[in-house]
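Novice: As input, take final.cif (mmCIF, C-alpha atoms):
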data_data
loop_
_atom_site.label_atom_id
_atom_site.label_comp_id
_atom_site.auth_asym_id
_atom_site.auth_seq_id
_atom_site.Cartn_x
_atom_site.Cartn_y
_atom_site.Cartn_z
CA MET A 1 -15.66 -16.73 -33.54
CA HIS A 2 -16.35 -14.72 -30.38
CA SER A 3 -18.25 -15.61 -27.26
CA THR A 4 -20.59 -13.10 -25.61
CA ARG A 5 -20.99 -13.81 -21.91
CA THR A 6 -23.30 -12.14 -19.45
CA ALA A 7 -24.43 -12.97 -15.95
CA SER A 8 -27.85 -11.46 -16.64
CA SER A 9 -30.37 -11.24 -19.44
CA ILE A 10 -30.20 -7.42 -19.21
CA PRO A 11 -28.02 -6.00 -22.02
CA ALA A 12 -25.32 -3.98 -20.39
CA VAL A 13 -22.45 -2.82 -22.54
CA TRP A 14 -21.90 0.37 -20.59
CA SER A 15 -20.31 3.63 -21.64
CA PRO A 16 -19.75 6.80 -19.60
CA GLY A 17 -22.95 8.28 -21.02
CA ASP A 18 -25.10 5.45 -19.68
CA ARG A 19 -25.69 6.98 -16.24
CA GLY A 20 -28.61 5.49 -14.43
CA ARG A 21 -28.74 2.28 -16.44
CA ILE A 22 -28.20 -0.77 -14.25
CA GLY A 23 -27.17 -4.21 -15.44
CA THR A 24 -24.20 -6.54 -15.28
CA MET A 25 -21.22 -5.94 -17.54
CA ARG A 26 -21.30 -7.84 -20.82
CA THR A 27 -17.93 -8.96 -22.15
CA VAL A 28 -16.85 -10.12 -25.60
CA PHE A 29 -13.77 -12.33 -25.46
CA SER A 30 -12.79 -14.98 -27.99
CA PRO A 31 -12.44 -18.60 -26.87
CA GLU A 32 -8.69 -18.27 -27.43
CA GLN A 33 -8.59 -15.27 -25.10
CA LEU A 34 -10.66 -17.02 -22.43
CA ALA A 35 -8.22 -19.93 -22.50
CA LYS A 36 -5.66 -17.61 -20.91
CA PRO A 37 -5.94 -17.68 -17.08
CA GLY A 38 -5.44 -13.92 -16.76
CA ILE A 39 -8.24 -13.10 -19.20
CA GLN A 40 -10.56 -15.68 -17.65
CA ILE A 41 -10.08 -14.07 -14.24
CA ALA A 42 -10.53 -10.55 -15.65
CA ASP A 43 -13.70 -11.67 -17.42
CA ASP A 44 -15.17 -13.05 -14.20
CA ILE A 45 -14.34 -9.82 -12.37
CA LEU A 46 -15.73 -7.58 -15.10
CA ARG A 47 -19.07 -9.38 -15.26
CA LYS A 48 -19.75 -8.63 -11.58
CA CYS A 49 -19.89 -4.89 -12.21
CA VAL A 50 -23.47 -3.55 -12.35
CA HIS A 51 -22.49 0.09 -13.02
CA CYS A 52 -24.35 1.28 -9.91
CA GLY A 53 -21.90 4.14 -9.39
CA PHE A 54 -21.52 3.74 -5.62
CA CYS A 55 -17.76 3.64 -6.19
CA THR A 56 -17.67 7.13 -7.68
CA ALA A 57 -18.54 8.76 -4.34
CA THR A 58 -15.49 7.23 -2.63
CA CYS A 59 -12.95 7.45 -5.48
CA PRO A 60 -10.39 10.19 -4.74
CA THR A 61 -9.65 10.99 -8.39
CA TYR A 62 -13.33 11.24 -9.29
CA VAL A 63 -13.96 13.44 -6.25
CA LEU A 64 -11.16 15.75 -7.43
CA LEU A 65 -11.69 15.70 -11.19
CA GLY A 66 -15.36 14.80 -11.70
CA ASP A 67 -14.44 12.82 -14.83
CA GLU A 68 -16.29 9.53 -15.22
CA LEU A 69 -13.21 7.95 -16.79
CA ASP A 70 -11.28 8.80 -13.62
CA SER A 71 -13.70 6.75 -11.55
CA PRO A 72 -13.55 2.99 -10.94
CA ARG A 73 -16.66 2.50 -13.08
CA GLY A 74 -15.08 4.40 -15.97
CA ARG A 75 -11.77 2.61 -15.63
CA ILE A 76 -13.53 -0.76 -15.61
CA TYR A 77 -15.07 0.16 -18.94
CA LEU A 78 -11.68 1.20 -20.34
CA ILE A 79 -10.01 -1.97 -19.05
CA LYS A 80 -12.74 -4.15 -20.55
CA ASN A 81 -12.29 -2.63 -24.00
CA MET A 82 -8.51 -2.72 -23.74
CA LEU A 83 -8.39 -6.40 -22.78
CA GLU A 84 -11.02 -7.40 -25.35
CA LYS A 85 -9.01 -5.78 -28.15
CA GLY A 86 -5.78 -7.27 -26.80
CA THR A 87 -3.74 -4.55 -28.50
CA SER A 88 -1.74 -1.61 -27.23
CA PRO A 89 -4.01 0.92 -25.52
CA SER A 90 -4.19 4.58 -26.47
CA ALA A 91 -2.38 7.27 -24.50
CA LYS A 92 -5.78 8.46 -23.20
CA VAL A 93 -6.60 5.04 -21.75
CA VAL A 94 -3.15 4.78 -20.14
CA THR A 95 -3.53 8.26 -18.62
CA HIS A 96 -6.79 7.38 -16.88
CA ILE A 97 -5.49 4.05 -15.59
CA ASP A 98 -2.23 5.66 -14.43
CA ARG A 99 -4.28 8.12 -12.39
CA CYS A 100 -5.74 5.30 -10.29
CA LEU A 101 -4.18 5.29 -6.83
CA SER A 102 -5.02 1.64 -6.14
CA CYS A 103 -6.37 2.92 -2.82
CA LEU A 104 -9.15 0.28 -3.07
CA SER A 105 -11.78 2.52 -1.50
CA CYS A 106 -14.03 1.41 -4.36
CA LYS A 107 -13.51 -2.22 -3.34
CA THR A 108 -14.79 -1.44 0.15
CA THR A 109 -17.80 0.42 -1.28
CA CYS A 110 -18.80 -1.96 -4.09
CA PRO A 111 -22.04 -3.86 -3.26
CA SER A 112 -21.36 -6.41 -6.01
CA GLY A 113 -17.95 -7.50 -4.76
CA VAL A 114 -16.01 -6.46 -7.86
CA ASP A 115 -12.37 -7.42 -7.34
CA TYR A 116 -11.05 -4.12 -8.65
CA MET A 117 -7.61 -4.65 -7.09
CA HIS A 118 -6.72 -7.62 -9.27
CA LEU A 119 -8.47 -6.15 -12.31
CA VAL A 120 -6.44 -2.94 -12.33
CA ASP A 121 -3.28 -4.95 -11.63
CA SER A 122 -3.93 -7.04 -14.75
CA ALA A 123 -4.53 -3.85 -16.72
CA ARG A 124 -1.17 -2.50 -15.63
CA VAL A 125 0.56 -5.69 -16.68
CA HIS A 126 -1.08 -5.39 -20.11
CA ILE A 127 0.03 -1.76 -20.41
CA GLN A 128 3.57 -2.65 -19.38
CA GLU A 129 3.72 -5.39 -22.01
CA THR A 130 2.06 -3.59 -24.93
CA TYR A 131 2.35 0.19 -24.51
CA GLN A 132 5.47 2.20 -25.41
CA ARG A 133 5.86 5.15 -23.06
CA LEU A 134 8.03 8.13 -23.92
CA LEU A 135 11.72 7.45 -23.37
CA VAL A 136 12.04 9.94 -20.51
CA GLU A 137 9.07 8.31 -18.76
CA ARG A 138 10.49 4.83 -19.24
CA LEU A 139 13.84 5.92 -17.80
CA PHE A 140 12.18 7.60 -14.83
CA ARG A 141 10.11 4.53 -14.01
CA TRP A 142 13.14 2.30 -14.44
CA GLY A 143 15.03 4.48 -11.97
CA LEU A 144 12.23 4.28 -9.40
CA ALA A 145 12.00 0.50 -9.75
CA LEU A 146 15.76 0.21 -9.35
CA VAL A 147 16.29 2.56 -6.40
CA LEU A 148 13.24 2.55 -4.12
CA PRO A 149 13.14 -1.21 -3.31
CA ARG A 150 16.83 -1.28 -2.33
CA ALA A 151 17.40 0.37 1.03
CA ASN A 152 21.13 1.08 0.63
CA LEU A 153 20.71 2.51 -2.86
CA PHE A 154 17.69 4.50 -1.73
CA ARG A 155 19.64 5.89 1.25
CA LEU A 156 22.43 6.97 -1.11
CA SER A 157 19.91 8.70 -3.38
CA LEU A 158 18.49 10.54 -0.36
CA ILE A 159 21.96 11.77 0.60
CA MET A 160 22.50 12.97 -2.96
CA SER A 161 19.09 14.68 -2.87
CA SER A 162 20.05 16.65 0.23
CA MET A 163 23.19 17.80 -1.57
CA ALA A 164 21.13 18.84 -4.60
CA ARG A 165 18.58 20.84 -2.58
CA PRO A 166 20.35 24.24 -3.13
CA PHE A 167 19.95 23.71 -6.89
CA ALA A 168 16.23 22.84 -6.76
CA GLY A 169 15.25 26.02 -8.60
CA VAL A 170 16.93 24.96 -11.83
CA LEU A 171 15.70 21.35 -11.79
CA PRO A 172 12.67 20.04 -13.74
CA ASN A 173 9.34 20.09 -11.87
CA ARG A 174 9.31 16.36 -11.23
CA LEU A 175 12.77 16.37 -9.67
CA ARG A 176 11.88 19.44 -7.58
CA SER A 177 8.91 17.56 -6.18
CA LEU A 178 11.13 14.59 -5.39
CA LEU A 179 13.43 16.85 -3.42
CA ALA A 180 10.45 18.23 -1.49
CA LEU A 181 9.58 14.69 -0.34
CA ALA A 182 13.15 13.80 0.63
CA PRO A 183 14.08 14.32 4.31
CA LYS A 184 16.46 17.17 5.10
CA SER A 185 18.69 14.74 7.00
CA VAL A 186 19.10 11.05 6.27
CA PRO A 187 19.14 8.69 9.28
CA ALA A 188 22.00 6.25 9.65
CA PRO A 189 21.34 2.53 9.14
CA SER A 190 19.96 0.80 12.21
CA ASP A 191 21.55 -2.20 13.92
CA VAL A 192 18.05 -3.64 14.22
CA ASP A 193 17.79 -4.12 10.47
CA ARG A 194 20.41 -6.87 10.14
CA PRO A 195 19.44 -10.58 10.39
CA GLN A 196 19.21 -11.63 14.04
CA VAL A 197 16.86 -12.84 16.76
CA PHE A 198 15.47 -10.67 19.58
CA LYS A 199 14.44 -12.70 22.60
CA ALA A 200 11.08 -12.13 24.28
CA GLU A 201 11.05 -10.44 27.66
CA GLY A 202 9.61 -12.84 30.23
CA GLU A 203 7.45 -15.71 29.03
CA ARG A 204 7.48 -16.20 25.28
CA LYS A 205 3.94 -15.82 23.95
CA LYS A 206 4.65 -15.65 20.22
CA ARG A 207 7.46 -16.33 17.78
CA VAL A 208 7.31 -14.02 14.78
CA VAL A 209 9.27 -12.83 11.77
CA LEU A 210 9.27 -9.05 11.37
CA MET A 211 9.47 -7.74 7.82
CA MET A 212 11.79 -4.72 7.83
CA GLY A 213 10.67 -3.15 4.57
CA CYS A 214 12.92 -1.31 2.16
CA ALA A 215 12.06 2.41 1.95
CA GLN A 216 11.24 2.40 5.66
CA LYS A 217 14.77 1.30 6.58
CA ALA A 218 16.17 4.32 4.75
CA LEU A 219 13.54 6.91 5.66
CA ARG A 220 12.64 6.09 9.27
CA PRO A 221 14.48 3.12 10.80
CA ILE A 222 13.17 4.11 14.26
CA ILE A 223 9.84 2.52 13.28
CA ASN A 224 11.43 -0.93 13.14
CA GLU A 225 13.33 -0.23 16.36
CA ALA A 226 10.10 0.74 18.13
CA THR A 227 8.34 -2.33 16.74
CA VAL A 228 11.03 -4.70 18.04
CA ARG A 229 10.97 -3.10 21.50
CA LEU A 230 7.19 -3.18 21.63
CA LEU A 231 6.88 -6.81 20.56
CA THR A 232 9.67 -8.18 22.75
CA ARG A 233 8.40 -6.19 25.75
CA HIS A 234 5.09 -7.99 25.39
CA GLY A 235 6.39 -11.52 25.03
CA CYS A 236 7.26 -11.95 21.36
CA GLU A 237 10.45 -13.48 20.05
CA VAL A 238 11.25 -11.43 16.94
CA ILE A 239 13.25 -12.83 14.04
CA ILE A 240 14.85 -10.65 11.36
CA ALA A 241 15.28 -13.05 8.47
CA GLN A 242 18.34 -13.50 6.29
CA GLY A 243 17.69 -12.83 2.59
CA GLU A 244 14.50 -10.80 2.90
CA ILE A 245 14.03 -8.19 0.14
CA CYS A 246 11.34 -5.74 -1.02
CA CYS A 247 7.83 -7.20 -0.88
CA GLY A 248 7.39 -6.48 -4.60
CA ALA A 249 4.48 -4.06 -4.30
CA LEU A 250 6.25 -1.16 -5.97
CA VAL A 251 7.11 -3.00 -9.20
CA HIS A 252 3.83 -4.93 -9.05
CA HIS A 253 1.82 -1.71 -9.27
CA MET A 254 4.01 -0.58 -12.16
CA GLY A 255 3.01 -3.69 -14.11
CA GLN A 256 6.36 -5.47 -13.72
CA GLU A 257 4.81 -8.77 -12.73
CA ASP A 258 7.77 -11.12 -13.17
CA GLU A 259 10.00 -9.10 -10.84
CA ALA A 260 7.21 -8.79 -8.27
CA LEU A 261 6.65 -12.56 -8.23
CA ASN A 262 10.37 -13.25 -7.98
CA ASN A 263 10.51 -10.98 -4.94
CA ALA A 264 7.60 -12.87 -3.43
CA ARG A 265 9.34 -16.22 -3.92
CA LYS A 266 12.57 -14.97 -2.33
CA ASN A 267 10.74 -13.61 0.70
CA ILE A 268 8.72 -16.79 1.17
CA ASP A 269 11.90 -18.85 1.06
CA SER A 270 13.61 -16.45 3.48
CA TRP A 271 10.81 -16.52 6.06
CA LEU A 272 10.26 -20.27 5.90
CA SER A 273 14.00 -20.81 6.37
CA ALA A 274 13.94 -18.48 9.39
CA ALA A 275 10.97 -20.35 10.84
CA GLY A 276 12.94 -23.55 11.23
CA PRO A 277 11.46 -26.55 13.03
CA ASP A 278 9.76 -24.36 15.68
CA GLY A 279 7.57 -22.64 13.10
CA LEU A 280 6.08 -19.17 13.29
CA ASP A 281 3.01 -17.62 14.86
CA ALA A 282 3.02 -14.73 12.41
CA VAL A 283 4.83 -12.77 9.74
CA VAL A 284 4.47 -9.28 11.21
CA ILE A 285 4.47 -6.23 8.95
CA ASN A 286 4.45 -2.62 10.14
CA ALA A 287 4.07 -0.99 6.71
CA SER A 288 0.52 -1.61 5.59
CA GLY A 289 1.33 -1.26 1.89
CA CYS A 290 3.72 -4.19 2.23
CA GLY A 291 1.18 -6.09 4.33
CA THR A 292 -1.48 -5.89 1.64
CA MET A 293 1.00 -7.22 -0.91
CA VAL A 294 2.26 -10.11 1.23
CA LYS A 295 -1.28 -11.12 2.20
CA ASP A 296 -1.86 -11.45 -1.55
CA TYR A 297 1.11 -13.74 -2.23
CA GLY A 298 -1.18 -16.77 -2.16
CA TYR A 299 -3.35 -15.32 -4.91
CA LEU A 300 -0.47 -14.06 -7.02
CA LEU A 301 1.31 -17.44 -7.00
CA LYS A 302 -1.77 -19.65 -7.11
CA ASP A 303 -0.91 -20.92 -10.61
CA ASP A 304 2.69 -21.82 -9.73
CA PRO A 305 2.64 -25.47 -8.62
CA ASN A 306 6.04 -25.13 -6.96
CA TRP A 307 5.06 -22.15 -4.82
CA SER A 308 1.28 -21.95 -4.44
CA GLU A 309 1.06 -23.93 -1.20
CA ARG A 310 3.95 -22.12 0.48
CA ALA A 311 2.67 -18.75 -0.71
CA SER A 312 -0.79 -19.44 0.68
CA GLY A 313 0.75 -20.49 3.99
CA ILE A 314 2.74 -17.25 4.27
CA SER A 315 -0.28 -15.14 3.35
CA ALA A 316 -2.31 -16.87 6.05
CA LEU A 317 0.42 -16.13 8.62
CA THR A 318 0.83 -12.48 7.66
CA ARG A 319 -0.51 -9.95 10.16
CA ASP A 320 -0.33 -6.21 10.50
CA VAL A 321 1.54 -5.29 13.67
CA THR A 322 -1.66 -3.89 15.22
CA GLU A 323 -3.42 -7.23 14.70
CA VAL A 324 -0.72 -8.97 16.72
CA LEU A 325 -0.59 -6.27 19.39
CA GLY A 326 -4.36 -6.53 19.77
CA GLU A 327 -3.85 -10.10 20.99
CA LEU A 328 -1.40 -8.97 23.67
CA GLU A 329 -2.12 -6.99 26.83
CA LEU A 330 -0.56 -3.54 26.58
CA GLU A 331 -0.07 -1.54 29.76
CA LYS A 332 0.73 2.15 30.13
CA ARG A 333 4.04 2.56 31.98
CA ILE A 334 4.65 6.31 31.93
CA ALA A 335 3.12 9.09 33.99
CA ASP A 336 3.06 11.66 31.17
CA THR A 337 -0.25 13.06 29.97
CA LEU A 338 -0.60 11.61 26.51
CA PRO A 339 -1.20 13.90 23.50
CA SER A 340 -4.37 13.77 21.44
CA VAL A 341 -3.95 11.82 18.22
CA ALA A 342 -5.60 12.30 14.85
CA TYR A 343 -5.54 8.82 13.37
CA HIS A 344 -5.03 8.54 9.62
CA SER A 345 -6.17 5.15 8.39
CA ALA A 346 -3.92 4.13 5.50
CA CYS A 347 -5.84 2.91 2.46
CA SER A 348 -3.78 -0.28 2.33
CA LEU A 349 -4.84 -0.97 5.93
CA GLN A 350 -8.54 -0.11 5.88
CA HIS A 351 -9.39 -1.01 2.27
CA GLY A 352 -6.61 -3.43 1.37
CA GLN A 353 -6.67 -5.48 4.58
CA GLY A 354 -10.03 -4.55 6.10
CA ILE A 355 -8.43 -3.36 9.36
CA HIS A 356 -10.39 -0.43 10.75
CA GLU A 357 -10.60 -0.54 14.53
CA ALA A 358 -7.44 -2.25 15.84
CA PRO A 359 -5.05 0.74 15.63
CA LYS A 360 -7.57 3.16 17.17
CA GLU A 361 -8.49 0.72 19.94
CA LEU A 362 -4.83 0.13 20.82
CA LEU A 363 -4.13 3.85 21.10
CA GLU A 364 -7.25 4.41 23.19
CA SER A 365 -6.53 1.42 25.43
CA ILE A 366 -3.23 3.03 26.46
CA GLY A 367 -4.83 6.41 27.09
CA PHE A 368 -4.33 8.41 23.90
CA PRO A 369 -7.38 10.55 23.06
CA VAL A 370 -8.07 9.57 19.43
CA ARG A 371 -9.78 11.90 16.99
CA LEU A 372 -10.99 10.85 13.56
CA PRO A 373 -10.86 13.27 10.61
CA ALA A 374 -13.60 13.89 8.08
CA GLU A 375 -13.28 11.94 4.82
CA GLY A 376 -11.25 9.27 6.57
CA HIS A 377 -11.89 6.89 3.67
CA LEU A 378 -10.08 9.08 1.12
CA CYS A 379 -6.42 8.57 0.21
CA CYS A 380 -3.69 11.00 1.30
CA GLY A 381 -2.10 10.78 -2.17
CA SER A 382 0.97 8.74 -1.27
CA ALA A 383 0.00 5.38 -2.82
CA GLY A 384 3.45 3.90 -3.42
CA THR A 385 5.02 5.95 -6.22
CA TYR A 386 1.85 7.93 -6.96
CA ASN A 387 3.08 11.08 -5.22
CA ILE A 388 6.10 10.94 -7.53
CA LEU A 389 4.38 9.99 -10.79
CA GLN A 390 1.16 11.99 -10.30
CA GLN A 391 2.38 14.93 -8.26
CA MET A 392 -0.41 17.42 -8.91
CA LEU A 393 -3.21 15.06 -7.88
CA ALA A 394 -1.17 13.68 -4.98
CA ASN A 395 -0.54 17.17 -3.59
CA LYS A 396 -4.22 18.08 -3.82
CA LEU A 397 -5.17 14.92 -1.94
CA ARG A 398 -2.44 15.53 0.65
CA ASP A 399 -3.62 19.08 1.33
CA ARG A 400 -7.22 17.94 1.59
CA LYS A 401 -6.21 15.21 4.02
CA THR A 402 -3.94 17.32 6.23
CA ASN A 403 -6.61 20.04 6.45
CA HIS A 404 -9.08 17.47 7.81
CA LEU A 405 -6.52 16.02 10.22
CA GLU A 406 -5.52 19.42 11.59
CA ALA A 407 -9.18 20.43 11.90
CA THR A 408 -9.58 17.81 14.64
CA GLY A 409 -7.48 20.02 16.93
CA CYS A 410 -5.07 17.16 17.59
CA ASP A 411 -1.55 17.37 18.99
CA VAL A 412 -0.05 14.72 16.70
CA ILE A 413 -0.96 12.57 13.71
CA ALA A 414 -0.57 8.77 13.66
CA ALA A 415 -0.54 6.42 10.68
CA GLY A 416 0.44 2.83 9.98
CA ASN A 417 2.29 3.16 6.68
CA ILE A 418 5.62 4.81 5.91
CA GLY A 419 4.40 6.27 2.62
CA CYS A 420 1.50 8.02 4.33
CA ILE A 421 3.80 9.34 7.07
CA ILE A 422 6.21 10.95 4.59
CA GLN A 423 3.32 12.32 2.51
CA LEU A 424 1.53 13.87 5.50
CA GLU A 425 4.76 15.32 6.90
CA SER A 426 5.31 17.16 3.63
CA GLY A 427 2.00 18.99 4.03
CA SER A 428 1.53 19.54 7.76
CA ASN A 429 3.33 21.33 10.57
CA LEU A 430 2.10 18.73 13.05
CA PRO A 431 4.41 15.84 13.95
CA VAL A 432 3.48 12.56 12.26
CA PHE A 433 4.33 9.23 13.89
CA HIS A 434 3.83 5.58 13.22
CA THR A 435 1.27 4.06 15.59
CA VAL A 436 3.94 1.77 17.06
CA GLU A 437 6.17 4.73 17.97
CA LEU A 438 3.44 6.11 20.22
CA LEU A 439 2.55 2.71 21.68
CA ASP A 440 6.21 1.93 22.35
CA TRP A 441 6.69 5.21 24.25
CA ALA A 442 3.51 4.78 26.31
CA THR A 443 4.50 1.24 27.34
CA GLY A 444 8.05 2.11 28.45
CA GLY A 445 10.04 2.97 25.36
CA PRO A 446 11.84 6.23 24.54
CA LYS A 447 9.86 9.35 23.75
CA PRO A 448 9.66 9.83 19.97
CA THR A 449 11.83 12.63 18.66
CA GLY A 450 9.74 15.68 17.81
CA LEU A 451 6.88 14.84 20.15
CA ASP A 452 7.45 18.02 22.14
#
Could you take the file, read its structure, and then write that structure out as structure tokens?
Specialist:
Amino acid sequence: MHSTRTASSIPAVWSPGDRGRIGTMRTVFSPEQLAKPGIQIADDILRKCVHCGFCTATCPTYVLLGDELDSPRGRIYLIKNMLEKGTSPSAKVVTHIDRCLSCLSCKTTCPSGVDYMHLVDSARVHIQETYQRLLVERLFRWGLALVLPRANLFRLSLIMSSMARPFAGVLPNRLRSLLALAPKSVPAPSDVDRPQVFKAEGERKKRVVLMMGCAQKALRPIINEATVRLLTRHGCEVIIAQGEICCGALVHHMGQEDEALNNARKNIDSWLSAAGPDGLDAVVINASGCGTMVKDYGYLLKDDPNWSERASGISALTRDVTEVLGELELEKRIADTLPSVAYHSACSLQHGQGIHEAPKELLESIGFPVRLPAEGHLCCGSAGTYNILQQMLANKLRDRKTNHLEATGCDVIAAGNIGCIIQLESGSNLPVFHTVELLDWATGGPKPTGLD
């Protein structure tokens, strides 16, 4: 026996041809299916969708492709059918869901409050558990999940990539694109990245743990160095915790839920141990993709009785670095005329965490002229591993984004996420910096390399 549930009396089993018809989504799950927490949550999310189509205007893949099934509304329909059947999805369904960036622009736009983030995450878990990808694809994804979250292994792979660059012409397209994203020189490990405590300068105003990230430590360790200088200069004691690992976002968005949750547990334990009896004022994160993930630990571990309370506590403490800096009084300490900045708002910051104004206001408060590009809500195409797994779409989004940024007539580009920084650098001749690098320089730190 099956149960048909609807939040409205209006019939509304929607298909891509039903443009213009408005009503809440009707789902058909069996009682046995609804007894599973994951399906119950997905069902509640699905039934909020009214098919209004507002999300299509802000979805990067729909803007590029014009295919209804590459819009959030279309993907919701595909996910509904996939979860109702409970079987392995078709290759077509997997293709359309794989093309989702998880940029969450649709979540910001949706007037009905559809929790698309957790819905598409559940879809990816289902695909991971039931769908058999081609062997070469499985091996490639396994390699990404193994290498990218481990800074030392990732650094070694970058060194090997620089050695392989002369042979790029004979490599497969996907590997050639990987080489294009890799830096021409690999920075050495930073002393800042090891477990330690940095004392506040002057009166201590806050005591925080700083998450160091994984890819960021290999690609641009100067971001963490600038963050430590900036926070300690303004009265924060900064702790680098023993035992911290990748936040879990990368494997989470590949559907590898168990590994993602294990990472979350290890980080929670690491940060709470570092807090000690004095406690913490914040867990500070300077990579917004990681911040969105850690702020979601409470939700992801809500059904684990041994971890739910601690996870919720960590999520409540987690702040983007610009949120913390906004509570401190920054003061310009250099006489230089500051360059104009085109600010790129990372999707994980503006859509994932709802932070829109803080980074711009901080830059302006110090004296940087800030310019905002057109289509600021659209993704740059980085999106974790998206620019590796979906290179064609990612490159189109990157070029669209860099064209808008350069059209502002800016001197430099600023962003708050390492993935965005690497993506934008690969498509623009302008220097791209993390927001904290510019703020650190303006308040007394070293001038960022390449600013001239």
Novice: Counting only C-alpha atoms, which residue out of A:Gly276, A:Gly202, A:Gly38, A:Pro149 sits closest to A:Lys217?
Specialist: A:Pro149
Novice: Neighbouring residues of stretch 223-234 of chain A were defined as those with any atom within 7 Å, considering all atoms listed in the file; residues of the same chain fewer than 3 positions away were excluded. Please report them as a ChimeraX atom specification.
Specialist: /A:192,199-201,212,220,237-238,328,434,436-437,440
Novice: Work out how far atom CA of A:Asp411 is from atom CA of A:Lys396, in Å to one decimal.
Specialist: 23.0 Å
Novice: A:Gly376, A:Gly445, A:Pro183, A:Gly384: which is nearest A:Ser102, counting all atoms listed in the file?
Specialist: A:Gly384
Novice: Hey, what's within 9 Å of A:Asn395 if we count all atoms listed in the file and toss same-chain stuff fewer than 5 positions away? As an NGL selection string, please?
Specialist: :A and (380-382 or 387 or 390 or 400 or 423 or 427)
Novice: Give me the result of the PyMOL selection byres ((chain A and resi 345) around 10) on this file, residue by residue, as a PyMOL selection string.
Specialist: chain A and resi 288+342-344+346-351+355-357+359-360+372-373+376-380+414-417+420
Novice: Could you complete stretch 29-42 of chain A so that it carries N, CA and C atoms, and give it back as a compact mmCIF listing (two decimals), keeping the file's coordinate frame?
Specialist:
# COMPACT_ATOMS: atom_id res chain seq x y z
N PHE A 29 -15.10 -11.75 -25.30
CA PHE A 29 -13.77 -12.33 -25.46
C PHE A 29 -13.86 -13.56 -26.36
N SER A 30 -12.83 -13.78 -27.16
CA SER A 30 -12.79 -14.98 -27.99
C SER A 30 -12.47 -16.20 -27.13
N PRO A 31 -12.81 -17.39 -27.62
CA PRO A 31 -12.44 -18.60 -26.87
C PRO A 31 -10.94 -18.70 -26.62
N GLU A 32 -10.14 -18.23 -27.60
CA GLU A 32 -8.69 -18.27 -27.43
C GLU A 32 -8.26 -17.34 -26.29
N GLN A 33 -8.90 -16.18 -26.19
CA GLN A 33 -8.59 -15.27 -25.10
C GLN A 33 -8.98 -15.86 -23.75
N LEU A 34 -10.16 -16.46 -23.69
CA LEU A 34 -10.66 -17.02 -22.43
C LEU A 34 -9.85 -18.23 -21.97
N ALA A 35 -9.08 -18.81 -22.88
CA ALA A 35 -8.22 -19.93 -22.50
C ALA A 35 -7.03 -19.47 -21.68
N LYS A 36 -6.76 -18.16 -21.70
CA LYS A 36 -5.66 -17.61 -20.91
C LYS A 36 -6.16 -17.34 -19.50
N PRO A 37 -5.46 -17.84 -18.46
CA PRO A 37 -5.94 -17.68 -17.08
C PRO A 37 -6.18 -16.22 -16.69
N GLY A 38 -5.29 -15.32 -17.12
CA GLY A 38 -5.44 -13.92 -16.76
C GLY A 38 -6.70 -13.30 -17.32
N ILE A 39 -7.03 -13.63 -18.57
CA ILE A 39 -8.24 -13.10 -19.20
C ILE A 39 -9.48 -13.73 -18.58
N GLN A 40 -9.42 -15.01 -18.28
CA GLN A 40 -10.56 -15.68 -17.65
C GLN A 40 -10.89 -15.02 -16.32
N ILE A 41 -9.86 -14.72 -15.53
CA ILE A 41 -10.08 -14.07 -14.24
C ILE A 41 -10.64 -12.67 -14.44
N ALA A 42 -10.04 -11.91 -15.37
CA ALA A 42 -10.53 -10.55 -15.65
C ALA A 42 -11.98 -10.58 -16.10
